[in-house]
Amino acid sequence: MKKITAILFFILLFTSCEEVIYVPLNSADPAIVIEGQVTNYPGPYKVRITTTTDFYDPSKVPPVDNAIVYVEDDLGHNWYFTEQRPGYYNNDQFTGEPGRTYSLDVKVKDNFYHATSYMPPPVPIDSLDQGYFAGTRFADAGYYIILYFTDPPDTTNYYRIRLYKGDQAGTVIYVLDDQLMDGNPVNLLLFGSAYEAGDTAVVELQSIDEKVYRFLLTLSNVNASSPSGPEYTPANPETNLSGGALGYFGAVSLSRDTIVLTHSK
């Protein structure tokens, strides 16, 4: 167990970066928003389809029902998703395979939307540790998670890290690439949500392709913008979907590990 005295490694950390897209602004016509993932863990996999809402009043996200949704891999296998409730489409009949490329096709009325995503090999988590931080005006006092993994050499890797407290997902998203750490051991102090002794923390290390990485980067800029007045107009996140849709489709490989926080400073 380590007491945190300094931050020795910096990553892109996006506070309150929830994957709900509230753009364009109310002066624009509504656009289709598609969000979906396939992973190397068994499903069910979910595709959510909505329309954009007013950036300054994001209290309602209108669902899109009666869409045709299916996923196909680069070997020609395809799986149709059934609508479980308005705007939510599921399939539990397959498991994603690292090294494969997956495509998503969606038909809404007479409009077609398409995206492809490559699923990289998963990068294993070496270990997890905890550190105590006394707190400042920028971060609460408490225990924080330290993630250890080794970046594969001689290949470009993109990562997203998700933290859970028990089965409750955190609202902080961490995104990084390996430009400065290719082939090296990596130690990341995951600021964002403080834990208490006795909490169970689950860390998910996601290997993502470049298009998903770019979407998360640009989404963070939108979500970090403050809707303080009409003079500021955020740009749309950089999507990998065609047909004028917003959102993203990702083929993501996961590694997970768990740590139970102990009372120690």
# chains A, B, ... in the order shown; residues from 1 in each chain; ligands from 1
$ residues_around --residues "A:Ser242" --least-positions-apart "6" --cutoff "10 Å" --atoms "only C-alpha atoms" --output "PyMOL selection string"
chain A and resi 105+112-116+248
$ residues_around --residues "A:Pro185" --least-positions-apart "6" --cutoff "7 Å" --atoms "only C-alpha atoms" --output "count of residues only"
3
$ select_by_dssp --residues "stretch 7-158 of chain A" --states "strand (DSSP E or B)" --output "PyMOL selection string"
chain A and resi 12-14+32-39+45-51+63+68-73+78-85+88-91+101-108+111-118+125-133+142-150+158
$ residues_around --residues "A:Gln206" --least-positions-apart "3" --cutoff "6 Å" --atoms "only C-alpha atoms" --output "mmCIF file with C-alpha atoms, in the first residue's frame"
data_model
loop_
_atom_site.group_PDB
_atom_site.id
_atom_site.type_symbol
_atom_site.label_atom_id
_atom_site.label_comp_id
_atom_site.auth_asym_id
_atom_site.auth_seq_id
_atom_site.Cartn_x
_atom_site.Cartn_y
_atom_site.Cartn_z
ATOM 1 C CA TYR A 159 -6.646 2.491 -24.234
ATOM 2 C CA ARG A 160 -9.714 3.421 -22.278
ATOM 3 C CA ILE A 161 -9.891 2.671 -18.554
ATOM 4 C CA SER A 253 -11.199 -6.087 -25.922
ATOM 5 C CA LEU A 254 -11.275 -6.039 -22.135
#
$ residues_around --residues "A:Leu190" --least-positions-apart "3" --cutoff "8 Å" --atoms "only C-alpha atoms" --output "count of residues only"
4
$ residues_around --residues "stretch 87-100 of chain A" --least-positions-apart "6" --cutoff "7 Å" --atoms "only C-alpha atoms" --output "JSON, numbers by chain"
{"A": [38, 39, 40, 41, 42, 43, 44, 45, 46, 47, 48, 49, 50, 63, 64, 65, 73, 74, 80, 81, 118, 119, 120, 121, 253]}
$ atom_distance --atom1 "atom CA of A:Leu189" --atom2 "atom CA of A:Asn236"
29.8 Å
$ residues_around --residues "A:Asn184" --least-positions-apart "3" --cutoff "12 Å" --atoms "only C-alpha atoms" --output "list in words"
Tyr148, Phe149, Thr150, Asp151, Pro152, Pro153, Asp154, Thr155, Asp178, Gln179, Leu180, Met181 and Asn187 of chain A
$ closest_residue --among "A:Gly243, A:Leu75, A:Ala194, A:Gly183" --to "A:Ala134" --atoms "only C-alpha atoms"
A:Ala194
$ closest_residue --among "A:Asp177, A:Asp110, A:Asp257, A:Asp126" --to "A:Thr200" --atoms "only C-alpha atoms"
A:Asp257
$ atom_distance --atom1 "atom CA of A:Leu261" --atom2 "atom CA of A:Phe191"
15.0 Å
